[in-house]
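Here is the file start-v3.txt (compact mmCIF, C-alpha atoms).
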```txt
# COMPACT_ATOMS: atom_id res chain seq x y z
CA MET A 1 118.02 158.09 -32.83
CA SER A 2 118.65 155.89 -29.86
CA LYS A 3 115.94 153.28 -29.79
CA MET A 4 117.59 150.66 -27.62
CA THR A 5 116.79 150.12 -23.97
CA LEU A 6 118.93 148.05 -21.60
CA LYS A 7 117.82 147.38 -18.05
CA ILE A 8 118.21 144.86 -15.28
CA GLU A 9 115.15 143.15 -13.83
CA GLY A 10 114.92 141.26 -10.53
CA ASP A 11 118.13 139.57 -9.38
CA THR A 12 119.11 137.64 -12.49
CA HIS A 13 117.60 139.19 -15.64
CA VAL A 14 118.83 141.66 -18.22
CA ILE A 15 116.25 143.02 -20.67
CA VAL A 16 117.19 144.64 -23.99
CA THR A 17 114.61 146.09 -26.39
CA ARG A 18 115.10 147.62 -29.82
CA ARG A 19 112.78 148.65 -32.67
CA PHE A 20 113.57 147.90 -36.30
CA ASN A 21 112.18 149.33 -39.51
CA ALA A 22 111.64 145.87 -41.03
CA PRO A 23 109.11 143.05 -40.56
CA PRO A 24 109.71 140.32 -37.94
CA GLU A 25 110.60 137.80 -40.66
CA ALA A 26 113.59 139.89 -41.79
CA VAL A 27 114.83 140.58 -38.25
CA TYR A 28 114.47 136.88 -37.36
CA ARG A 29 116.45 135.89 -40.46
CA ALA A 30 119.19 138.40 -39.60
CA HIS A 31 119.53 136.56 -36.26
CA THR A 32 119.64 133.01 -37.66
CA ASP A 33 121.47 133.26 -41.01
CA SER A 34 125.29 133.13 -40.62
CA LYS A 35 125.89 135.25 -43.72
CA LEU A 36 123.77 138.04 -42.22
CA ILE A 37 124.92 137.65 -38.58
CA ARG A 38 128.58 138.21 -39.38
CA LYS A 39 127.70 141.54 -41.01
CA TRP A 40 126.41 143.13 -37.82
CA LEU A 41 127.12 141.15 -34.61
CA LEU A 42 130.60 142.63 -34.29
CA GLY A 43 130.66 145.00 -31.32
CA PRO A 44 133.17 147.83 -31.53
CA GLU A 45 134.44 149.18 -34.86
CA GLY A 46 137.31 147.17 -36.35
CA TRP A 47 136.26 143.72 -35.10
CA THR A 48 135.33 140.89 -37.47
CA MET A 49 133.78 137.43 -37.06
CA PRO A 50 136.03 134.94 -38.91
CA VAL A 51 133.99 131.94 -37.65
CA CYS A 52 130.19 132.02 -37.56
CA ILE A 53 128.50 128.65 -37.02
CA ASN A 54 124.76 128.89 -36.55
CA GLU A 55 122.62 125.73 -36.79
CA ALA A 56 119.17 127.28 -36.41
CA THR A 57 117.30 124.17 -35.32
CA PRO A 58 116.43 122.90 -31.81
CA GLY A 59 119.62 121.39 -30.35
CA GLY A 60 121.67 123.14 -33.06
CA LYS A 61 125.09 124.56 -32.23
CA ILE A 62 126.18 128.20 -32.12
CA ARG A 63 129.82 129.26 -32.32
CA TYR A 64 130.94 132.83 -32.96
CA GLU A 65 134.64 133.77 -33.00
CA TRP A 66 135.65 137.42 -32.98
CA SER A 67 138.98 138.99 -33.87
CA ASP A 68 140.31 142.54 -33.79
CA GLY A 69 142.81 141.69 -36.55
CA LYS A 70 145.71 142.43 -34.16
CA GLY A 71 145.88 139.05 -32.44
CA HIS A 72 143.15 139.66 -29.87
CA GLY A 73 140.00 137.63 -29.90
CA PHE A 74 137.51 135.51 -28.01
CA PHE A 75 134.61 133.22 -28.80
CA LEU A 76 131.10 132.32 -27.77
CA THR A 77 129.39 128.92 -27.91
CA GLY A 78 125.74 128.02 -27.42
CA GLU A 79 122.87 125.74 -28.28
CA TYR A 80 119.39 126.44 -29.61
CA LEU A 81 116.51 125.25 -27.42
CA GLU A 82 113.40 126.49 -29.26
CA LEU A 83 112.74 128.27 -32.56
CA GLU A 84 109.36 129.64 -33.62
CA PRO A 85 109.85 131.31 -37.01
CA TYR A 86 109.59 134.36 -37.21
CA ASN A 87 108.50 135.13 -33.70
CA ARG A 88 110.71 133.69 -30.97
CA ILE A 89 114.15 132.14 -30.36
CA VAL A 90 115.35 130.53 -27.12
CA HIS A 91 119.00 129.58 -26.73
CA VAL A 92 121.78 129.31 -24.15
CA GLU A 93 125.22 130.87 -24.64
CA ARG A 94 128.49 131.34 -22.83
CA MET A 95 131.60 133.41 -23.52
CA HIS A 96 135.07 131.85 -23.54
CA LEU A 97 137.60 134.35 -22.22
CA PRO A 98 139.13 131.72 -22.50
CA ASP A 99 137.47 130.11 -19.44
CA PRO A 100 133.75 129.64 -20.09
CA THR A 101 131.36 131.96 -18.26
CA PRO A 102 128.20 130.48 -16.65
CA ASP A 103 125.36 129.85 -19.11
CA ASN A 104 123.24 132.79 -20.15
CA HIS A 105 119.67 131.69 -21.03
CA VAL A 106 118.35 134.00 -23.74
CA GLU A 107 114.81 134.41 -25.03
CA THR A 108 114.47 136.70 -28.07
CA ARG A 109 111.01 137.79 -29.22
CA PHE A 110 110.18 139.55 -32.48
CA ASP A 111 106.79 141.25 -32.24
CA MET A 112 105.11 143.07 -35.10
CA ASP A 113 105.00 146.81 -34.42
CA GLY A 114 103.21 148.64 -37.22
CA TYR A 115 105.27 147.84 -40.31
CA GLY A 116 108.34 147.24 -38.14
CA THR A 117 109.44 144.95 -35.34
CA LEU A 118 109.86 145.33 -31.61
CA MET A 119 112.61 142.95 -30.49
CA THR A 120 112.77 142.00 -26.80
CA ILE A 121 115.73 140.02 -25.44
CA ARG A 122 115.31 138.54 -21.97
CA MET A 123 118.55 137.14 -20.54
CA THR A 124 118.54 134.99 -17.41
CA LEU A 125 121.80 134.46 -15.51
CA PRO A 126 122.31 131.85 -12.77
CA ASP A 127 122.74 134.49 -10.01
CA THR A 128 123.26 138.19 -9.33
CA GLN A 129 127.04 137.91 -9.19
CA THR A 130 127.20 136.24 -12.61
CA ARG A 131 124.99 138.97 -14.03
CA ALA A 132 127.28 141.67 -12.64
CA ALA A 133 130.35 139.87 -14.00
CA MET A 134 128.73 139.51 -17.43
CA LEU A 135 127.98 143.22 -17.59
CA ALA A 136 131.54 143.92 -16.44
CA THR A 137 132.90 141.69 -19.23
CA GLY A 138 130.81 143.49 -21.79
CA MET A 139 132.28 146.70 -20.47
CA GLU A 140 135.69 145.53 -21.55
CA ARG A 141 134.56 145.24 -25.17
CA GLY A 142 132.91 148.62 -24.93
CA MET A 143 136.19 150.05 -23.73
CA GLU A 144 137.93 148.85 -26.89
CA ALA A 145 135.51 151.05 -28.83
CA SER A 146 136.37 154.04 -26.69
CA TYR A 147 140.07 153.50 -27.33
CA VAL A 148 139.37 153.39 -31.06
CA ARG A 149 137.41 156.62 -30.79
CA LEU A 150 140.22 158.15 -28.74
CA GLU A 151 142.78 157.20 -31.41
CA GLU A 152 140.58 158.80 -34.05
CA MET A 153 140.43 162.03 -32.07
CA ILE A 154 144.21 162.14 -31.68
CA MET B 1 137.89 160.98 -10.90
CA ASP B 2 140.98 160.42 -13.08
CA LEU B 3 139.49 158.31 -15.89
CA ASP B 4 142.85 156.99 -17.12
CA VAL B 5 143.75 155.71 -13.65
CA ALA B 6 140.23 154.34 -13.14
CA PHE B 7 140.25 152.49 -16.48
CA ALA B 8 143.73 151.10 -15.87
CA ALA B 9 142.47 149.76 -12.53
CA LEU B 10 139.46 148.22 -14.29
CA ALA B 11 141.59 146.55 -16.99
CA ASP B 12 141.83 143.37 -14.88
CA PRO B 13 138.83 140.98 -14.79
CA THR B 14 139.43 140.08 -11.10
CA ARG B 15 139.30 143.75 -10.15
CA ARG B 16 136.09 144.22 -12.13
CA ALA B 17 134.62 141.22 -10.32
CA ILE B 18 135.69 142.70 -6.95
CA LEU B 19 133.89 145.94 -7.85
CA ALA B 20 130.83 143.96 -8.92
CA ARG B 21 130.85 142.19 -5.53
CA LEU B 22 131.28 145.48 -3.62
CA ALA B 23 128.39 146.96 -5.58
CA LYS B 24 126.23 144.60 -3.50
CA GLY B 25 127.62 146.00 -0.24
CA GLU B 26 130.59 146.23 2.12
CA ALA B 27 132.81 143.13 2.43
CA SER B 28 135.88 141.95 4.34
CA VAL B 29 139.05 140.90 2.49
CA ASN B 30 138.24 137.29 3.41
CA GLU B 31 134.77 137.55 1.92
CA LEU B 32 136.23 139.11 -1.23
CA ALA B 33 138.90 136.41 -1.60
CA GLU B 34 136.41 133.53 -1.23
CA PRO B 35 134.85 133.34 -4.74
CA PHE B 36 138.15 133.89 -6.59
CA GLU B 37 140.26 130.96 -5.41
CA MET B 38 143.04 133.46 -4.81
CA THR B 39 145.27 133.99 -1.80
CA GLN B 40 144.53 136.89 0.53
CA PRO B 41 147.76 138.73 -0.39
CA ALA B 42 146.83 138.52 -4.09
CA ILE B 43 143.39 140.00 -3.36
CA SER B 44 144.98 142.65 -1.14
CA GLN B 45 147.21 143.65 -4.03
CA HIS B 46 144.17 144.10 -6.31
CA LEU B 47 142.43 146.09 -3.56
CA LYS B 48 145.46 148.34 -3.26
CA VAL B 49 145.22 149.21 -6.97
CA LEU B 50 141.49 149.91 -6.64
CA GLU B 51 142.07 152.06 -3.54
CA GLU B 52 144.85 154.07 -5.16
CA ALA B 53 142.53 154.71 -8.11
CA GLY B 54 139.97 156.04 -5.62
CA LEU B 55 137.39 153.41 -6.54
CA VAL B 56 137.34 151.55 -3.21
CA VAL B 57 137.62 152.84 0.36
CA ARG B 58 138.34 151.03 3.63
CA ARG B 59 136.87 151.45 7.09
CA VAL B 60 138.52 150.56 10.39
CA GLU B 61 136.53 148.25 12.61
CA GLY B 62 138.69 146.82 15.41
CA THR B 63 141.24 144.61 13.66
CA LYS B 64 139.12 144.42 10.47
CA ARG B 65 139.36 146.69 7.43
CA PRO B 66 136.12 146.16 5.51
CA ARG B 67 136.05 147.65 2.00
CA ARG B 68 133.23 149.37 0.19
CA LEU B 69 132.72 151.03 -3.17
CA ALA B 70 133.67 154.72 -3.29
CA LYS B 71 131.45 157.20 -5.14
CA ALA B 72 134.10 157.28 -7.90
CA GLY B 73 133.85 153.47 -8.07
CA ILE B 74 130.12 153.68 -8.74
CA GLU B 75 130.72 156.37 -11.36
CA ALA B 76 133.43 154.28 -13.06
CA MET B 77 131.07 151.27 -13.22
CA ASP B 78 128.36 153.51 -14.70
CA GLN B 79 130.80 154.79 -17.34
CA TRP B 80 131.66 151.24 -18.34
CA LEU B 81 128.01 150.23 -18.53
CA LEU B 82 127.47 153.20 -20.82
CA MET B 83 130.23 151.88 -23.08
CA LEU B 84 128.65 148.41 -23.12
CA ARG B 85 125.43 150.08 -24.21
CA LYS B 86 127.30 151.91 -26.99
CA ALA B 87 128.85 148.66 -28.32
CA LEU B 88 125.37 147.05 -28.38
CA GLU B 89 123.86 150.08 -30.09
CA LYS B 90 126.62 149.90 -32.69
CA ASN B 91 125.56 146.30 -33.46
CA TYR B 92 121.94 147.30 -33.94
CA ASP B 93 122.82 150.34 -36.07
CA ARG B 94 124.67 147.91 -38.34
CA LEU B 95 121.67 145.56 -38.27
CA ASP B 96 119.48 148.48 -39.47
CA GLU B 97 121.73 148.71 -42.53
CA VAL B 98 121.63 144.92 -43.09
CA LEU B 99 117.81 144.99 -42.91
CA ALA B 100 117.63 147.93 -45.33
CA GLY B 101 119.86 145.95 -47.72
CA MET B 102 117.61 142.86 -47.44
CA GLU B 103 114.54 144.95 -48.24
CA LYS B 104 116.20 146.49 -51.30
CA HIS B 105 117.34 143.04 -52.45
CA LYS B 106 113.79 141.69 -52.07
CA LYS B 107 112.29 144.57 -54.05
CA GLY B 108 114.93 144.12 -56.73
CA ALA B 109 114.13 140.39 -57.02
CA LYS B 110 110.42 141.10 -57.52
CA ARG B 111 111.03 143.25 -60.55
```
What does the file become when written as structure tokens?
Amino acid sequence: MSKMTLKIEGDTHVIVTRRFNAPPEAVYRAHTDSKLIRKWLLGPEGWTMPVCINEATPGGKIRYEWSDGKGHGFFLTGEYLELEPYNRIVHVERMHLPDPTPDNHVETRFDMDGYGTLMTIRMTLPDTQTRAAMLATGMERGMEASYVRLEEMI
Amino acid sequence: MDLDVAFAALADPTRRAILARLAKGEASVNELAEPFEMTQPAISQHLKVLEEAGLVVRRVEGTKRPRRLAKAGIEAMDQWLLMLRKALEKNYDRLDEVLAGMEKHKKGAKR
């Protein structure tokens, strides 16, 4: 069941929504607790997160480092701006590839939806070109997954 | 569209950025070179790869050769966006499992 939506809005926004079969408190915790984050925020199969720093407090630092176990990797840094447990998180983040990308301003909402949660991520990039480049960068990681799938088929 | 050739052409971040710029409309080589702090010959080399992969086409306008995205270029970008979506979906499928585990843990602790 594909429950995720991903769309661009206006010139600088990217909106992602996803429903979860768990209350907002649990989904919020899975986004702010390092032990939980490194279990799922991994992208394509085979990648791990050896470093996961997540200071979930206003002004707190974020640093995620990913590795494919074969010498390839990259990292992300960010800072928390606002946290409203268990409802809303606002932070900024940038990828280091290794040069840092322009800041992505991210608002994540967790709204109660029956027993579950509707999560809405609203990303704001500085301009249209940065948004296009960010999506293109994400494509690269997606491609890794397709190679893995390809290897499995062969 | 030959996907292998298209993906090889897209393996370079500068070339992906060129495609992203052309997605906004036709541009001259000068206009394309501007944001990248690269020399014109270096950009021309990238454009050659994109053209040979069938992702970018050129038009003749006097002495200028403005480039635009070919239909295959749009399709290649769409394919890659689809893969981005798949990587994100993979994350959230894993998160479903994490959440199910948290719920089980909580129920276990209550007993």
Residues of chain B that have any atom at most 12 Å from an atom of chain A: could you tabulate them with the shortest-distance atom pair and the distance in Å to one decimal, using all atoms listed in the file, ordered by chain and increasing number, as a Markdown table?
```
| residue | atom | partner | partner_atom | distance |
| --- | --- | --- | --- | --- |
| B:Leu3 | CA | A:Met143 | CA | 11.9 |
| B:Asp4 | CA | A:Tyr147 | CA | 11.1 |
| B:Phe7 | CA | A:Met143 | CA | 8.7 |
| B:Ala8 | CA | A:Met143 | CA | 10.9 |
| B:Leu10 | CA | A:Glu140 | CA | 8.6 |
| B:Ala11 | CA | A:Glu140 | CA | 7.5 |
| B:Asp12 | CA | A:Glu140 | CA | 9.3 |
| B:Pro13 | CA | A:Thr137 | CA | 7.4 |
| B:Thr14 | CA | A:Ala133 | CA | 9.5 |
| B:Arg15 | CA | A:Ala136 | CA | 10.0 |
| B:Arg16 | CA | A:Ala136 | CA | 6.3 |
| B:Ala17 | CA | A:Ala133 | CA | 5.8 |
| B:Ile18 | CA | A:Ala133 | CA | 9.3 |
| B:Leu19 | CA | A:Ala136 | CA | 9.1 |
| B:Ala20 | CA | A:Ala132 | CA | 5.6 |
| B:Arg21 | CA | A:Gln129 | CA | 6.8 |
| B:Leu22 | CA | A:Gln129 | CA | 10.3 |
| B:Ala23 | CA | A:Ala132 | CA | 8.9 |
| B:Lys24 | CA | A:Gln129 | CA | 8.8 |
| B:Pro35 | CA | A:Gln129 | CA | 10.1 |
| B:Ala76 | CA | A:Met139 | CA | 10.7 |
| B:Met77 | CA | A:Ala136 | CA | 8.0 |
| B:Asp78 | CA | A:Met139 | CA | 9.7 |
| B:Gln79 | CA | A:Met139 | CA | 8.8 |
| B:Trp80 | CA | A:Met139 | CA | 5.1 |
| B:Leu81 | CA | A:Met139 | CA | 5.9 |
| B:Leu82 | CA | A:Met139 | CA | 8.1 |
| B:Met83 | CA | A:Gly142 | CA | 4.6 |
| B:Leu84 | CA | A:Gly142 | CA | 4.6 |
| B:Arg85 | CA | A:Leu6 | CA | 7.3 |
| B:Lys86 | CA | A:Gly142 | CA | 6.8 |
| B:Ala87 | CA | A:Gly43 | CA | 5.1 |
| B:Leu88 | CA | A:Gly43 | CA | 6.4 |
| B:Glu89 | CA | A:Met4 | CA | 6.8 |
| B:Lys90 | CA | A:Gly43 | CA | 6.5 |
| B:Asn91 | CA | A:Trp40 | CA | 5.5 |
| B:Tyr92 | CA | A:Trp40 | CA | 7.2 |
| B:Asp93 | CA | A:Trp40 | CA | 8.2 |
| B:Arg94 | CA | A:Trp40 | CA | 5.1 |
| B:Leu95 | CA | A:Trp40 | CA | 5.3 |
| B:Asp96 | CA | A:Phe20 | CA | 6.7 |
| B:Glu97 | CA | A:Trp40 | CA | 8.7 |
| B:Val98 | CA | A:Lys39 | CA | 7.3 |
| B:Leu99 | CA | A:Ala22 | CA | 6.5 |
| B:Ala100 | CA | A:Ala22 | CA | 7.7 |
| B:Gly101 | CA | A:Leu36 | CA | 10.4 |
| B:Met102 | CA | A:Ala26 | CA | 7.5 |
| B:Glu103 | CA | A:Ala22 | CA | 7.8 |
| B:Lys104 | CA | A:Ala22 | CA | 11.3 |
| B:His105 | CA | A:Ala26 | CA | 11.7 |
| B:Lys106 | CA | A:Ala26 | CA | 10.4 |
```
Which residue, A:Glu79, A:Glu84, A:Glu65, A:Asp127, has the smallest gap to Pro102 (chain A) when you use only C-alpha atoms?
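Looking at the shortest contact to Pro102 (chain A), the residue is A:Asp127.
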If we count all atoms listed in the file and set the cut-off at 9 Å, which residues sit around Leu76 (chain A), ignoring sequence neighbours fewer than 3 positions away in its own chain? Please answer as a ChimeraX atom specification.
/A:62-66,93-97,100
Taking (134.3, 138.1, -41.3) in the file's coordinates, which residues come within 9 Å, counting only C-alpha atoms, written as a PDB file with C-alpha atoms, in the coordinates of the input?
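Produced file part11.pdb, reproduced below:
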```pdb
ATOM      1  CA  ARG A  38     128.580 138.210 -39.380  1.00  0.00           C
ATOM      2  CA  LYS A  39     127.700 141.540 -41.010  1.00  0.00           C
ATOM      3  CA  TRP A  47     136.260 143.720 -35.100  1.00  0.00           C
ATOM      4  CA  THR A  48     135.330 140.890 -37.470  1.00  0.00           C
ATOM      5  CA  MET A  49     133.780 137.430 -37.060  1.00  0.00           C
ATOM      6  CA  PRO A  50     136.030 134.940 -38.910  1.00  0.00           C
ATOM      7  CA  VAL A  51     133.990 131.940 -37.650  1.00  0.00           C
ATOM      8  CA  CYS A  52     130.190 132.020 -37.560  1.00  0.00           C
ATOM      9  CA  TRP A  66     135.650 137.420 -32.980  1.00  0.00           C
ATOM     10  CA  SER A  67     138.980 138.990 -33.870  1.00  0.00           C
TER      11      SER A  67
END
```
Mind listing as a ChimeraX atom specification all residues within 6 Å of (122.7, 128.2, -20.5), counting all atoms listed in the file?
/A:92-93,103-105
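Near Gly59 (chain A), within a cut-off of 10 Å and counting all atoms listed in the file, sit the residues Gly78, Glu79, Tyr80, Leu81, Glu82, Leu83 and His91 of chain A, with same-chain residues fewer than 5 positions away left out.
Here CA of Phe74 (chain A) is placed at a distance of 20.8 Å from CA of Asp33 (chain A).
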Between CA of Glu26 (chain B) and CA of Gln45 (chain B), what is the spacing in Å?
17.9 Å
Rank nothing, just name the residue among A:Met112, A:Val106, A:Ile89, A:Ile53 nearest to Leu125 (chain A), using all atoms listed in the file.
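Residue with the minimum atom-to-atom distance to Leu125 (chain A): A:Val106.
Separating CA of Asn30 (chain B) from CA of Leu47 (chain B) is a distance of 12.0 Å.
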Can you pull out every residue within 9 Å of Asn87 (chain A), counting all atoms listed in the file, but drop anything in the same chain fewer than 6 positions away, and send it as a list in words?
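Listing them by chain and then by number gives Pro24, Glu25, Tyr28, Thr108, Arg109, Phe110, Asp111 and Met112 of chain A.
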Put a box with edges along x, y and z around all the listed atoms of region 70-78 of chain A, pad it by 6 Å on each side, then give me its centre and sizes in Å, one decimal, as AutoDock Vina command-line options.
```
--center_x 135.8 --center_y 135.2 --center_z -30.8 --size_x 32.1 --size_y 26.4 --size_z 18.7
```
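The environment of Arg67 (chain B) within 9 Å, counting all atoms listed in the file and disregarding residues fewer than 2 places along the same chain, consists of Leu22, Gly25, Glu26, Ala27, Ser28, Val29, Leu47, Val56, Val57, Arg58, Arg59, Arg65 and Leu69 of chain B.
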